[in-house]
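> Data file structure_15.pdb (PDB, C-alpha atoms) is appended below.
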ATOM      1  CA  MET A 238      22.209 -38.162  33.728
ATOM      2  CA  ILE A 239      23.424 -34.953  32.102
ATOM      3  CA  LYS A 240      20.255 -34.725  30.002
ATOM      4  CA  LYS A 241      18.143 -35.114  33.138
ATOM      5  CA  ILE A 242      20.016 -32.279  34.916
ATOM      6  CA  LEU A 243      19.627 -29.987  31.870
ATOM      7  CA  LEU A 244      15.899 -30.746  31.753
ATOM      8  CA  ILE A 245      15.505 -29.879  35.453
ATOM      9  CA  LEU A 246      17.435 -26.611  34.987
ATOM     10  CA  SER A 247      15.310 -25.672  31.969
ATOM     11  CA  VAL A 248      12.075 -26.260  33.883
ATOM     12  CA  ALA A 249      13.381 -24.233  36.830
ATOM     13  CA  LEU A 250      14.418 -21.358  34.558
ATOM     14  CA  PHE A 251      10.997 -21.302  32.876
ATOM     15  CA  ALA A 252       9.323 -21.242  36.292
ATOM     16  CA  LEU A 253      11.455 -18.291  37.397
ATOM     17  CA  LEU A 254      10.732 -16.362  34.205
ATOM     18  CA  PHE A 255       7.018 -17.003  34.606
ATOM     19  CA  LEU A 256       7.144 -16.009  38.265
ATOM     20  CA  PHE A 257       8.853 -12.693  37.583
ATOM     21  CA  GLY A 258       6.462 -11.982  34.728
ATOM     22  CA  CYS A 259       3.408 -12.443  36.914
ATOM     23  CA  ASN A 260       2.019 -10.851  40.027
ATOM     24  CA  LYS A 261       0.838 -12.655  43.163
ATOM     25  CA  ASP A 262      -2.485 -13.492  41.465
ATOM     26  CA  ASN A 263      -0.620 -15.251  38.638
ATOM     27  CA  LYS A 264      -1.609 -12.555  36.165
ATOM     28  CA  VAL A 265       0.945 -11.517  33.549
ATOM     29  CA  VAL A 266       2.380  -8.104  34.435
ATOM     30  CA  LEU A 267       2.254  -5.902  31.345
ATOM     31  CA  THR A 268       4.755  -3.133  30.687
ATOM     32  CA  VAL A 269       4.677   0.168  28.847
ATOM     33  CA  LYS A 270       6.336  -1.504  25.877
ATOM     34  CA  ASP A 271       3.320  -3.791  25.519
ATOM     35  CA  TYR A 272       1.135  -0.739  24.945
ATOM     36  CA  PHE A 273       3.371   1.031  22.436
ATOM     37  CA  PRO A 274       5.134  -1.488  20.189
ATOM     38  CA  ILE A 275       7.940  -0.184  17.967
ATOM     39  CA  ARG A 276       7.003  -1.226  14.442
ATOM     40  CA  GLU A 277       8.332  -0.474  10.964
ATOM     41  CA  ASN A 278       6.650   0.335   7.635
ATOM     42  CA  VAL A 279       3.254   0.875   9.219
ATOM     43  CA  ARG A 280       0.716   3.625   8.573
ATOM     44  CA  TYR A 281      -1.864   4.455  11.230
ATOM     45  CA  THR A 282      -4.909   6.420  10.121
ATOM     46  CA  TYR A 283      -7.098   8.317  12.596
ATOM     47  CA  GLU A 284     -10.506   9.787  11.865
ATOM     48  CA  GLY A 285     -11.460  12.970  13.661
ATOM     49  CA  SER A 286     -14.432  14.954  14.901
ATOM     50  CA  GLY A 287     -14.831  18.368  16.472
ATOM     51  CA  ASN A 288     -11.982  19.989  14.509
ATOM     52  CA  GLU A 289     -10.810  19.924  10.894
ATOM     53  CA  TYR A 290      -7.327  18.834  12.002
ATOM     54  CA  ALA A 291      -8.441  16.051  14.330
ATOM     55  CA  ALA A 292      -7.962  13.464  11.585
ATOM     56  CA  TYR A 293      -4.385  12.507  10.794
ATOM     57  CA  ASP A 294      -1.992   9.857   9.468
ATOM     58  CA  VAL A 295       1.121   8.497  11.165
ATOM     59  CA  HIS A 296       4.120   7.067   9.304
ATOM     60  CA  ILE A 297       7.195   5.585  10.951
ATOM     61  CA  ASP A 298      10.342   7.339   9.696
ATOM     62  CA  TYR A 299      13.018   5.705  11.854
ATOM     63  CA  THR A 300      13.354   3.226  14.690
ATOM     64  CA  SER A 301      16.021   2.051  17.113
ATOM     65  CA  GLU A 302      15.959  -0.417  19.976
ATOM     66  CA  ASP A 303      14.138   1.942  22.318
ATOM     67  CA  ARG A 304      13.047   4.903  20.172
ATOM     68  CA  VAL A 305      10.683   5.525  17.279
ATOM     69  CA  GLN A 306      10.358   8.597  15.078
ATOM     70  CA  GLN A 307       6.877   9.081  13.719
ATOM     71  CA  ARG A 308       5.619  11.591  11.176
ATOM     72  CA  VAL A 309       2.153  12.980  11.881
ATOM     73  CA  ASN A 310       0.255  14.633   9.023
ATOM     74  CA  ASN A 311      -3.104  16.230   9.783
ATOM     75  CA  GLY A 312      -3.596  17.849   6.392
ATOM     76  CA  GLY A 313      -2.429  21.230   7.648
ATOM     77  CA  THR A 314       1.110  20.457   8.771
ATOM     78  CA  GLU A 315       3.566  17.646   9.399
ATOM     79  CA  VAL A 316       5.090  17.039  12.829
ATOM     80  CA  CYS A 317       8.021  14.750  13.611
ATOM     81  CA  GLU A 318       7.918  13.141  17.060
ATOM     82  CA  VAL A 319      10.497  10.937  18.749
ATOM     83  CA  ILE A 320       9.131   8.645  21.461
ATOM     84  CA  GLU A 321      11.354   6.672  23.801
ATOM     85  CA  ILE A 322      10.374   3.458  25.578
ATOM     86  CA  LYS A 323      12.800   3.077  28.460
ATOM     87  CA  ASP A 324      12.945   2.527  32.217
ATOM     88  CA  GLY A 325       9.219   1.821  32.449
ATOM     89  CA  LYS A 326       8.247   5.063  30.721
ATOM     90  CA  MET A 327       6.941   6.127  27.343
ATOM     91  CA  THR A 328       8.345   9.599  26.807
ATOM     92  CA  MET A 329       8.141  12.060  23.945
ATOM     93  CA  VAL A 330      11.691  13.424  23.818
ATOM     94  CA  PHE A 331      11.426  15.481  20.617
ATOM     95  CA  SER A 332       8.675  17.188  18.678
ATOM     96  CA  GLY A 333       9.219  19.438  15.665
ATOM     97  CA  GLY A 334       6.494  21.140  13.667
ATOM     98  CA  GLU A 335       6.376  21.903   9.938
ATOM     99  CA  ILE A 336       9.132  19.421   9.118
ATOM    100  CA  TYR A 337       8.420  18.514   5.516
ATOM    101  CA  TYR A 338      11.828  17.021   4.841
ATOM    102  CA  ARG A 339      12.962  13.621   6.059
ATOM    103  CA  GLU A 340      15.795  13.562   8.586
ATOM    104  CA  ASN A 341      16.774  11.251  11.419
ATOM    105  CA  PHE A 342      16.061  12.886  14.801
ATOM    106  CA  LEU A 343      16.331   9.729  16.917
ATOM    107  CA  ASP A 344      19.348  11.077  18.807
ATOM    108  CA  LYS A 345      17.637  14.335  19.754
ATOM    109  CA  THR A 346      16.387  14.882  23.309
ATOM    110  CA  GLU A 347      14.820  18.310  23.740
ATOM    111  CA  LYS A 348      11.936  17.593  26.110
ATOM    112  CA  GLU A 349      10.604  14.998  28.535
ATOM    113  CA  ASP A 350       6.872  14.617  28.119
ATOM    114  CA  ILE A 351       5.994  11.327  29.851
ATOM    115  CA  LEU A 352       2.971   9.861  28.074
ATOM    116  CA  LEU A 353       2.655   6.641  30.074
ATOM    117  CA  MET A 354       4.591   5.157  32.966
ATOM    118  CA  GLU A 355       4.718   2.118  35.205
ATOM    119  CA  PRO A 356       3.364   0.759  37.411
ATOM    120  CA  LEU A 357       0.417   0.290  35.102
ATOM    121  CA  THR A 358      -2.176   0.585  37.827
ATOM    122  CA  VAL A 359      -5.085   2.919  38.393
ATOM    123  CA  GLY A 360      -3.882   5.958  40.303
ATOM    124  CA  THR A 361      -0.328   6.127  38.986
ATOM    125  CA  THR A 362       0.184   9.878  38.674
ATOM    126  CA  TRP A 363       2.962  12.169  37.495
ATOM    127  CA  GLU A 364       3.375  15.898  37.006
ATOM    128  CA  LEU A 365       4.536  17.414  33.723
ATOM    129  CA  ASP A 366       6.893  20.344  33.240
ATOM    130  CA  ASP A 367       4.004  22.757  32.656
ATOM    131  CA  SER A 368       2.334  21.669  35.941
ATOM    132  CA  GLN A 369      -0.231  19.492  34.207
ATOM    133  CA  VAL A 370      -1.077  16.282  36.035
ATOM    134  CA  ARG A 371      -1.311  12.980  34.172
ATOM    135  CA  THR A 372      -2.942   9.901  35.734
ATOM    136  CA  ILE A 373      -3.799   6.343  34.778
ATOM    137  CA  THR A 374      -7.557   6.339  35.364
ATOM    138  CA  ASN A 375      -8.666   2.993  33.942
ATOM    139  CA  LEU A 376      -6.999  -0.279  32.955
ATOM    140  CA  GLU A 377      -9.950  -1.873  31.167
ATOM    141  CA  ALA A 378     -11.624   0.846  29.134
ATOM    142  CA  ASN A 379     -13.678  -0.639  26.310
ATOM    143  CA  ILE A 380     -12.962   1.388  23.184
ATOM    144  CA  GLU A 381     -14.776   0.829  19.913
ATOM    145  CA  THR A 382     -13.018   2.056  16.760
ATOM    146  CA  PRO A 383     -13.344   1.419  13.012
ATOM    147  CA  ALA A 384     -10.068  -0.533  13.304
ATOM    148  CA  GLY A 385     -11.473  -2.847  15.974
ATOM    149  CA  ASN A 386     -12.627  -3.017  19.576
ATOM    150  CA  TYR A 387      -9.983  -2.755  22.280
ATOM    151  CA  GLN A 388      -9.602  -3.007  26.036
ATOM    152  CA  ALA A 389      -7.331  -0.074  26.691
ATOM    153  CA  ILE A 390      -5.442   1.794  29.376
ATOM    154  CA  GLU A 391      -6.990   5.211  29.962
ATOM    155  CA  VAL A 392      -4.628   8.108  30.714
ATOM    156  CA  THR A 393      -6.129  11.428  31.768
ATOM    157  CA  THR A 394      -4.264  14.749  31.616
ATOM    158  CA  GLU A 395      -5.698  17.633  33.628
ATOM    159  CA  GLY A 396      -4.871  21.169  32.534
ATOM    160  CA  SER A 397      -6.006  24.457  33.999
ATOM    161  CA  ASP A 398      -9.068  24.702  31.762
ATOM    162  CA  TYR A 399      -9.068  21.491  29.735
ATOM    163  CA  LYS A 400      -8.728  17.729  29.921
ATOM    164  CA  THR A 401      -7.206  15.194  27.539
ATOM    165  CA  VAL A 402      -7.943  11.484  27.689
ATOM    166  CA  ASP A 403      -5.741   9.053  25.750
ATOM    167  CA  TYR A 404      -6.353   5.342  25.283
ATOM    168  CA  TYR A 405      -3.568   2.813  24.616
ATOM    169  CA  ALA A 406      -4.301  -0.763  23.571
ATOM    170  CA  LYS A 407      -1.967  -3.723  24.007
ATOM    171  CA  ASP A 408       0.137  -4.533  20.915
ATOM    172  CA  VAL A 409      -1.365  -1.563  19.071
ATOM    173  CA  GLY A 410      -0.573   1.767  20.728
ATOM    174  CA  LEU A 411      -2.746   4.866  20.755
ATOM    175  CA  VAL A 412      -6.297   4.029  19.666
ATOM    176  CA  LYS A 413      -8.192   7.131  20.721
ATOM    177  CA  SER A 414      -7.673  10.660  22.082
ATOM    178  CA  VAL A 415     -10.302  13.016  23.451
ATOM    179  CA  PHE A 416      -9.673  16.709  24.142
ATOM    180  CA  ILE A 417     -12.292  18.478  26.261
ATOM    181  CA  SER A 418     -12.428  22.204  26.971
ATOM    182  CA  GLY A 419     -15.693  23.573  28.283
ATOM    183  CA  ALA A 420     -18.424  22.493  25.890
ATOM    184  CA  ASN A 421     -15.930  21.726  23.115
ATOM    185  CA  GLU A 422     -14.795  18.162  22.460
ATOM    186  CA  VAL A 423     -12.281  17.037  19.831
ATOM    187  CA  THR A 424     -11.803  13.340  19.177
ATOM    188  CA  SER A 425      -9.254  11.365  17.140
ATOM    189  CA  THR A 426      -9.958   7.644  16.704
ATOM    190  CA  LEU A 427      -7.891   4.924  15.070
ATOM    191  CA  SER A 428      -9.595   3.851  11.843
ATOM    192  CA  LYS A 429      -6.994   1.767  10.030
ATOM    193  CA  ILE A 430      -3.594   0.093  10.416
ATOM    194  CA  GLU A 431      -1.744  -0.737   7.207
ATOM    195  CA  GLU A 432       1.373  -2.904   6.979
ATOM    196  CA  ASN A 433       4.274  -2.510   4.529
ATOM    197  CA  VAL A 434       3.232   0.982   3.479
ATOM    198  CA  PRO A 435       5.972   3.413   2.376
ATOM    199  CA  PHE A 436       6.042   7.121   3.099
ATOM    200  CA  VAL A 437       5.726   8.941  -0.244
ATOM    201  CA  GLN A 438       7.003  12.459  -0.830
ATOM    202  CA  GLN A 439       6.722  14.611  -3.908
ATOM    203  CA  VAL A 440      10.185  16.016  -4.621
ATOM    204  CA  ASN A 441      11.214  18.465  -7.339
ATOM    205  CA  PHE A 442      14.514  17.629  -9.058
ATOM    206  CA  TYR A 443      16.087  20.485 -11.019
ATOM    207  CA  TYR A 444      18.122  20.167 -14.235
ATOM    208  CA  PRO A 445      19.910  22.571 -16.565
ATOM    209  CA  ASN A 446      19.186  22.941 -20.269
ATOM    210  CA  ILE A 447      22.332  24.185 -21.954
ATOM    211  CA  ASP A 448      20.451  24.938 -25.192
ATOM    212  CA  ASP A 449      18.198  27.652 -23.788
ATOM    213  CA  GLU A 450      20.202  28.250 -20.574
ATOM    214  CA  LYS A 451      17.140  27.686 -18.413
ATOM    215  CA  TYR A 452      16.347  25.388 -15.490
ATOM    216  CA  TYR A 453      13.667  22.723 -15.577
ATOM    217  CA  TYR A 454      12.291  20.510 -12.857
ATOM    218  CA  VAL A 455      10.713  17.086 -12.677
ATOM    219  CA  THR A 456       8.326  16.253  -9.831
ATOM    220  CA  LYS A 457       8.766  12.683  -8.631
ATOM    221  CA  ASP A 458       6.954  10.558  -6.089
ATOM    222  CA  VAL A 459       9.818   9.353  -3.898
ATOM    223  CA  THR A 460       9.125   6.417  -1.599
ATOM    224  CA  PHE A 461      10.802   5.782   1.735
ATOM    225  CA  MET A 462      10.535   2.716   3.904
ATOM    226  CA  THR A 463      11.303   2.930   7.628
ATOM    227  CA  ASN A 464      15.031   3.520   8.270
ATOM    228  CA  ASP A 465      15.810   4.265   4.612
ATOM    229  CA  ILE A 466      18.629   6.817   4.398
ATOM    230  CA  THR A 467      17.234   9.963   2.794
ATOM    231  CA  ARG A 468      20.417  11.068   1.028
ATOM    232  CA  GLU A 469      20.831   7.654  -0.618
ATOM    233  CA  ILE A 470      17.256   7.561  -1.908
ATOM    234  CA  LEU A 471      17.437  11.120  -3.263
ATOM    235  CA  ALA A 472      20.805  10.476  -4.920
ATOM    236  CA  ALA A 473      19.436   7.393  -6.679
ATOM    237  CA  GLU A 474      16.439   9.354  -7.959
ATOM    238  CA  TYR A 475      18.716  12.143  -9.242
ATOM    239  CA  LYS A 476      20.683   9.666 -11.381
ATOM    240  CA  GLU A 477      17.719   8.464 -13.413
ATOM    241  CA  ALA A 478      17.810   9.014 -17.166
ATOM    242  CA  LEU A 479      15.994  12.073 -18.514
ATOM    243  CA  SER A 480      14.050  12.895 -21.613
ATOM    244  CA  GLY A 481      14.468  15.950 -23.812
ATOM    245  CA  ASN A 482      17.403  18.341 -23.567
ATOM    246  CA  MET A 483      17.762  18.339 -19.790
ATOM    247  CA  ALA A 484      21.268  17.348 -18.738
ATOM    248  CA  LYS A 485      22.071  14.862 -15.983
ATOM    249  CA  VAL A 486      23.258  16.410 -12.738
ATOM    250  CA  PHE A 487      24.435  13.313 -10.848
ATOM    251  CA  SER A 488      26.668  10.877 -12.692
ATOM    252  CA  ALA A 489      26.372   7.128 -12.164
ATOM    253  CA  ASN A 490      29.043   7.120  -9.451
ATOM    254  CA  THR A 491      28.074  10.307  -7.637
ATOM    255  CA  GLN A 492      27.249   9.769  -3.979
ATOM    256  CA  ILE A 493      25.985  12.059  -1.230
ATOM    257  CA  ASN A 494      28.278  11.614   1.766
ATOM    258  CA  SER A 495      26.184  13.797   4.064
ATOM    259  CA  LEU A 496      23.065  15.938   3.805
ATOM    260  CA  TYR A 497      21.359  17.957   6.510
ATOM    261  CA  LEU A 498      19.765  21.271   7.454
ATOM    262  CA  GLY A 499      22.037  23.277   9.740
ATOM    263  CA  GLN A 500      20.955  25.365  12.698
ATOM    264  CA  ASP A 501      21.701  28.410  10.518
ATOM    265  CA  ASP A 502      18.911  27.272   8.149
ATOM    266  CA  MET A 503      21.415  26.461   5.409
ATOM    267  CA  VAL A 504      21.566  23.060   3.731
ATOM    268  CA  TYR A 505      24.912  21.268   3.917
ATOM    269  CA  ILE A 506      25.611  18.689   1.220
ATOM    270  CA  ASP A 507      28.887  16.835   0.799
ATOM    271  CA  LEU A 508      29.460  14.861  -2.418
ATOM    272  CA  ASN A 509      32.133  12.387  -3.436
ATOM    273  CA  LYS A 510      34.834  13.203  -6.009
ATOM    274  CA  ALA A 511      32.983  11.435  -8.805
ATOM    275  CA  PHE A 512      30.581  14.371  -8.972
ATOM    276  CA  VAL A 513      33.453  16.549 -10.221
ATOM    277  CA  THR A 514      35.579  14.051 -12.140
ATOM    278  CA  GLU A 515      32.640  12.654 -14.140
ATOM    279  CA  MET A 516      30.985  16.007 -14.847
ATOM    280  CA  ASN A 517      32.659  16.758 -18.219
ATOM    281  CA  ALA A 518      31.306  20.310 -18.543
ATOM    282  CA  GLY A 519      32.530  23.764 -19.436
ATOM    283  CA  SER A 520      32.502  26.573 -16.888
ATOM    284  CA  MET A 521      29.024  27.873 -17.754
ATOM    285  CA  PHE A 522      27.454  24.418 -17.831
ATOM    286  CA  GLU A 523      29.227  23.493 -14.584
ATOM    287  CA  GLN A 524      27.762  26.557 -12.904
ATOM    288  CA  MET A 525      24.299  25.498 -14.076
ATOM    289  CA  ILE A 526      24.837  21.998 -12.664
ATOM    290  CA  LEU A 527      25.857  23.444  -9.291
ATOM    291  CA  GLN A 528      22.815  25.707  -9.335
ATOM    292  CA  SER A 529      20.595  22.706 -10.057
ATOM    293  CA  VAL A 530      22.028  20.901  -7.017
ATOM    294  CA  ALA A 531      21.367  23.970  -4.874
ATOM    295  CA  ASN A 532      17.819  24.267  -6.188
ATOM    296  CA  THR A 533      16.995  20.598  -5.640
ATOM    297  CA  PHE A 534      18.271  20.199  -2.105
ATOM    298  CA  GLY A 535      17.596  23.749  -0.976
ATOM    299  CA  ALA A 536      13.961  23.441  -2.061
ATOM    300  CA  TYR A 537      13.682  20.023  -0.400
ATOM    301  CA  TYR A 538      14.566  21.596   2.948
ATOM    302  CA  ASN A 539      12.770  24.880   2.151
ATOM    303  CA  ALA A 540      16.068  26.718   2.607
ATOM    304  CA  GLN A 541      17.527  29.713   0.774
ATOM    305  CA  LYS A 542      21.220  28.781   0.789
ATOM    306  CA  VAL A 543      23.263  25.620   0.229
ATOM    307  CA  ILE A 544      26.855  24.873   1.230
ATOM    308  CA  LEU A 545      28.344  22.312  -1.168
ATOM    309  CA  THR A 546      31.610  20.506  -0.439
ATOM    310  CA  ILE A 547      33.521  17.586  -1.932
ATOM    311  CA  GLU A 548      34.842  14.895   0.425
ATOM    312  CA  GLY A 549      34.719  17.422   3.242
ATOM    313  CA  GLN A 550      36.819  19.970   1.343
ATOM    314  CA  LEU A 551      35.983  23.225  -0.452
ATOM    315  CA  TYR A 552      34.542  22.737  -3.916
ATOM    316  CA  GLU A 553      37.237  23.007  -6.569
ATOM    317  CA  SER A 554      37.385  22.090 -10.254
ATOM    318  CA  GLY A 555      39.269  23.291 -13.297
ATOM    319  CA  HIS A 556      36.809  26.171 -13.696
ATOM    320  CA  ILE A 557      35.325  27.011 -10.316
ATOM    321  CA  MET A 558      36.740  27.313  -6.804
ATOM    322  CA  PHE A 559      34.630  28.108  -3.724
ATOM    323  CA  LYS A 560      35.830  30.163  -0.791
ATOM    324  CA  LYS A 561      35.310  29.073   2.795
ATOM    325  CA  GLY A 562      31.706  29.676   3.822
ATOM    326  CA  GLN A 563      30.625  30.453   0.259
ATOM    327  CA  ALA A 564      27.040  29.379  -0.290
ATOM    328  CA  LEU A 565      24.905  28.846  -3.356
ATOM    329  CA  ASP A 566      21.639  30.782  -3.431
ATOM    330  CA  VAL A 567      18.516  28.766  -4.178
ATOM    331  CA  LYS A 568      16.849  30.149  -7.311
ATOM    332  CA  ILE A 569      13.699  28.309  -8.303
ATOM    333  CA  ASP A 570      11.260  31.106  -9.163
ATOM    334  CA  ASP A 571      12.010  30.999 -12.897
ATOM    335  CA  ALA A 572      12.354  27.229 -13.189
ATOM    336  CA  ILE A 573      10.108  25.548 -15.748
ATOM    337  CA  PRO A 574       8.157  22.327 -15.116
ATOM    338  CA  SER A 575       9.241  19.607 -17.501
ATOM    339  CA  SER A 576       6.507  18.455 -19.846
TER
END
Translate the structure described by the file into structure tokens.

Amino acid sequence: MIKKILLILSVALFALLFLFGCNKDNKVVLTVKDYFPIRENVRYTYEGSGNEYAAYDVHIDYTSEDRVQQRVNNGGTEVCEVIEIKDGKMTMVFSGGEIYYRENFLDKTEKEDILLMEPLTVGTTWELDDSQVRTITNLEANIETPAGNYQAIEVTTEGSDYKTVDYYAKDVGLVKSVFISGANEVTSTLSKIEENVPFVQQVNFYYPNIDDEKYYYVTKDVTFMTNDITREILAAEYKEALSGNMAKVFSANTQINSLYLGQDDMVYIDLNKAFVTEMNAGSMFEQMILQSVANTFGAYYNAQKVILTIEGQLYESGHIMFKKGQALDVKIDDAIPSS
């Protein structure tokens, strides 16, 4: 008897779920999330026409339950964008240009550019902050791309002297964009989707040579998967064994507790105590190690100054003691590439 009741309840629950997921014509009601899935370790490649920067790649830096941070590289610059899928809207909440370092911006909300919103019906219209008008103009646009053929939602944005048309396909995302201004037309079209592809950065790691008192650097291809923590990956790379007379900067137990670019354009790096206790260096060599840290992480963020602390406290060793607010200048002009 109990099994029979449970079976009836299960059937009833399934019927309710199906009912609320369908409209009166028994068609499944799709949501914004269906047209912009949050995925990890994926690279999207777009081919372009009409402009040298119309072609671009997209990597996924970070994701959360309702946000994704994507890195867009068009060959001329890199842009980090955070897109939120929430309350029936797909909204770009952050966009930063010329960000060549990797940092988590998922918590940032600096704008509200609604890219797509429900109800997903022709005629749904909304006005943007700059008085542009964005409208769903087609639900079944047939879009042919090198990556495949899609039936897509068409979203048209009308500006004062231009028009942009974006196409979103179910379970894929953006498959095509067309910008039209007068007789000019610029098109970006999805050409390839690759799974399990890391984001690769070339990073210069600087080291001191106590013999000639000069600084050398090694350029490494550093790979990041989605949601990898940048400071942990960079710390691991800095611990690798070296060849020649270059001295190690990070000991085996050195860890980066925090690493970020401040609003004052200075890099803030906090290390654990092992960095100091395992250094085993005289005052001159210690100064060269600190300079190497400043060069490596300052250059990574394209900054000129670095604030270095230990466990949240001012740097202090048997030879060197920093004052509050004291910064290390980044000095890479005379550094020598390691052969």
> Applying 9 Å and all atoms listed in the file, which residues near Phe534 in chain A remain after dropping the ones on its own chain fewer than 2 positions away? List them as a PyMOL selection string.
chain A and resi 441-442+496+504+506+529-532+536-540+543+567
> CA of Gly555 in chain A to CA of Gly519 in chain A: how many Å, to one decimal?
9.1 Å
> Go through A:Pro574, A:Val266, A:Ala292, A:Phe522 one by one, measure the shortest atom-to-atom distance of each to Ser414 in chain A using only C-alpha atoms, and give the residue with the smallest value.
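Under the stated criterion, the closest residue is A:Ala292.
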> For this file, the PyMOL selection byres ((chain A and resi 375-383) around 10) selects which residues, as a PyMOL selection string?
chain A and resi 283-284+357-360+372-374+384-393+404-406+412-413+426-429
> What's the 7 Å shell around Tyr281 in chain A, counting all atoms listed in the file, without same-chain residues fewer than 2 positions away, as a short mmCIF file (atom, residue, chain, number, x, y, z; two decimals) with C-alpha atoms, in the frame of the given file?

data_model
loop_
_atom_site.label_atom_id
_atom_site.label_comp_id
_atom_site.auth_asym_id
_atom_site.auth_seq_id
_atom_site.Cartn_x
_atom_site.Cartn_y
_atom_site.Cartn_z
CA VAL A 279 3.25 0.88 9.22
CA TYR A 283 -7.10 8.32 12.60
CA ASP A 294 -1.99 9.86 9.47
CA VAL A 295 1.12 8.50 11.16
CA HIS A 296 4.12 7.07 9.30
CA LYS A 429 -6.99 1.77 10.03
CA ILE A 430 -3.59 0.09 10.42
CA GLU A 431 -1.74 -0.74 7.21
#
> Nearest residue to Val440 in chain A out of A:Phe559, A:Tyr299, A:Tyr337, A:Phe487, using all atoms listed in the file?
A:Tyr337
> Mind rebuilding range 393-410 of chain A with N, CA and C atoms and writing that out as a PDB file, in the coordinates of the input?

ATOM      1  N   THR A 393      -5.466  10.131  31.738  1.00  0.00           N
ATOM      2  CA  THR A 393      -6.129  11.428  31.768  1.00  0.00           C
ATOM      3  C   THR A 393      -5.148  12.525  32.157  1.00  0.00           C
ATOM      4  N   THR A 394      -5.119  13.585  31.346  1.00  0.00           N
ATOM      5  CA  THR A 394      -4.264  14.749  31.616  1.00  0.00           C
ATOM      6  C   THR A 394      -5.151  15.926  31.975  1.00  0.00           C
ATOM      7  N   GLU A 395      -4.905  16.495  33.152  1.00  0.00           N
ATOM      8  CA  GLU A 395      -5.698  17.633  33.628  1.00  0.00           C
ATOM      9  C   GLU A 395      -4.902  18.914  33.468  1.00  0.00           C
ATOM     10  N   GLY A 396      -5.448  19.847  32.658  1.00  0.00           N
ATOM     11  CA  GLY A 396      -4.871  21.169  32.534  1.00  0.00           C
ATOM     12  C   GLY A 396      -5.671  22.171  33.328  1.00  0.00           C
ATOM     13  N   SER A 397      -5.315  23.435  33.222  1.00  0.00           N
ATOM     14  CA  SER A 397      -6.006  24.457  33.999  1.00  0.00           C
ATOM     15  C   SER A 397      -7.447  24.632  33.557  1.00  0.00           C
ATOM     16  N   ASP A 398      -7.700  24.515  32.252  1.00  0.00           N
ATOM     17  CA  ASP A 398      -9.068  24.702  31.762  1.00  0.00           C
ATOM     18  C   ASP A 398      -9.436  23.671  30.702  1.00  0.00           C
ATOM     19  N   TYR A 399      -8.753  22.525  30.715  1.00  0.00           N
ATOM     20  CA  TYR A 399      -9.068  21.491  29.735  1.00  0.00           C
ATOM     21  C   TYR A 399      -8.657  20.128  30.273  1.00  0.00           C
ATOM     22  N   LYS A 400      -9.086  19.099  29.554  1.00  0.00           N
ATOM     23  CA  LYS A 400      -8.728  17.729  29.921  1.00  0.00           C
ATOM     24  C   LYS A 400      -8.500  16.931  28.639  1.00  0.00           C
ATOM     25  N   THR A 401      -7.475  16.091  28.658  1.00  0.00           N
ATOM     26  CA  THR A 401      -7.206  15.194  27.539  1.00  0.00           C
ATOM     27  C   THR A 401      -7.212  13.762  28.051  1.00  0.00           C
ATOM     28  N   VAL A 402      -7.895  12.892  27.322  1.00  0.00           N
ATOM     29  CA  VAL A 402      -7.943  11.484  27.689  1.00  0.00           C
ATOM     30  C   VAL A 402      -7.405  10.664  26.516  1.00  0.00           C
ATOM     31  N   ASP A 403      -6.362   9.887  26.772  1.00  0.00           N
ATOM     32  CA  ASP A 403      -5.741   9.053  25.750  1.00  0.00           C
ATOM     33  C   ASP A 403      -5.933   7.583  26.104  1.00  0.00           C
ATOM     34  N   TYR A 404      -6.125   6.770  25.076  1.00  0.00           N
ATOM     35  CA  TYR A 404      -6.353   5.342  25.283  1.00  0.00           C
ATOM     36  C   TYR A 404      -5.303   4.539  24.504  1.00  0.00           C
ATOM     37  N   TYR A 405      -4.608   3.651  25.213  1.00  0.00           N
ATOM     38  CA  TYR A 405      -3.568   2.813  24.616  1.00  0.00           C
ATOM     39  C   TYR A 405      -3.975   1.348  24.733  1.00  0.00           C
ATOM     40  N   ALA A 406      -3.930   0.650  23.592  1.00  0.00           N
ATOM     41  CA  ALA A 406      -4.301  -0.763  23.571  1.00  0.00           C
ATOM     42  C   ALA A 406      -3.054  -1.627  23.429  1.00  0.00           C
ATOM     43  N   LYS A 407      -3.086  -2.784  24.053  1.00  0.00           N
ATOM     44  CA  LYS A 407      -1.967  -3.723  24.007  1.00  0.00           C
ATOM     45  C   LYS A 407      -1.668  -4.123  22.558  1.00  0.00           C
ATOM     46  N   ASP A 408      -0.381  -4.121  22.222  1.00  0.00           N
ATOM     47  CA  ASP A 408       0.137  -4.533  20.915  1.00  0.00           C
ATOM     48  C   ASP A 408      -0.292  -3.615  19.777  1.00  0.00           C
ATOM     49  N   VAL A 409      -0.911  -2.491  20.106  1.00  0.00           N
ATOM     50  CA  VAL A 409      -1.365  -1.563  19.071  1.00  0.00           C
ATOM     51  C   VAL A 409      -0.779  -0.173  19.268  1.00  0.00           C
ATOM     52  N   GLY A 410      -0.985   0.393  20.465  1.00  0.00           N
ATOM     53  CA  GLY A 410      -0.573   1.767  20.728  1.00  0.00           C
ATOM     54  C   GLY A 410      -1.772   2.652  20.963  1.00  0.00           C
TER      55      GLY A 410
END
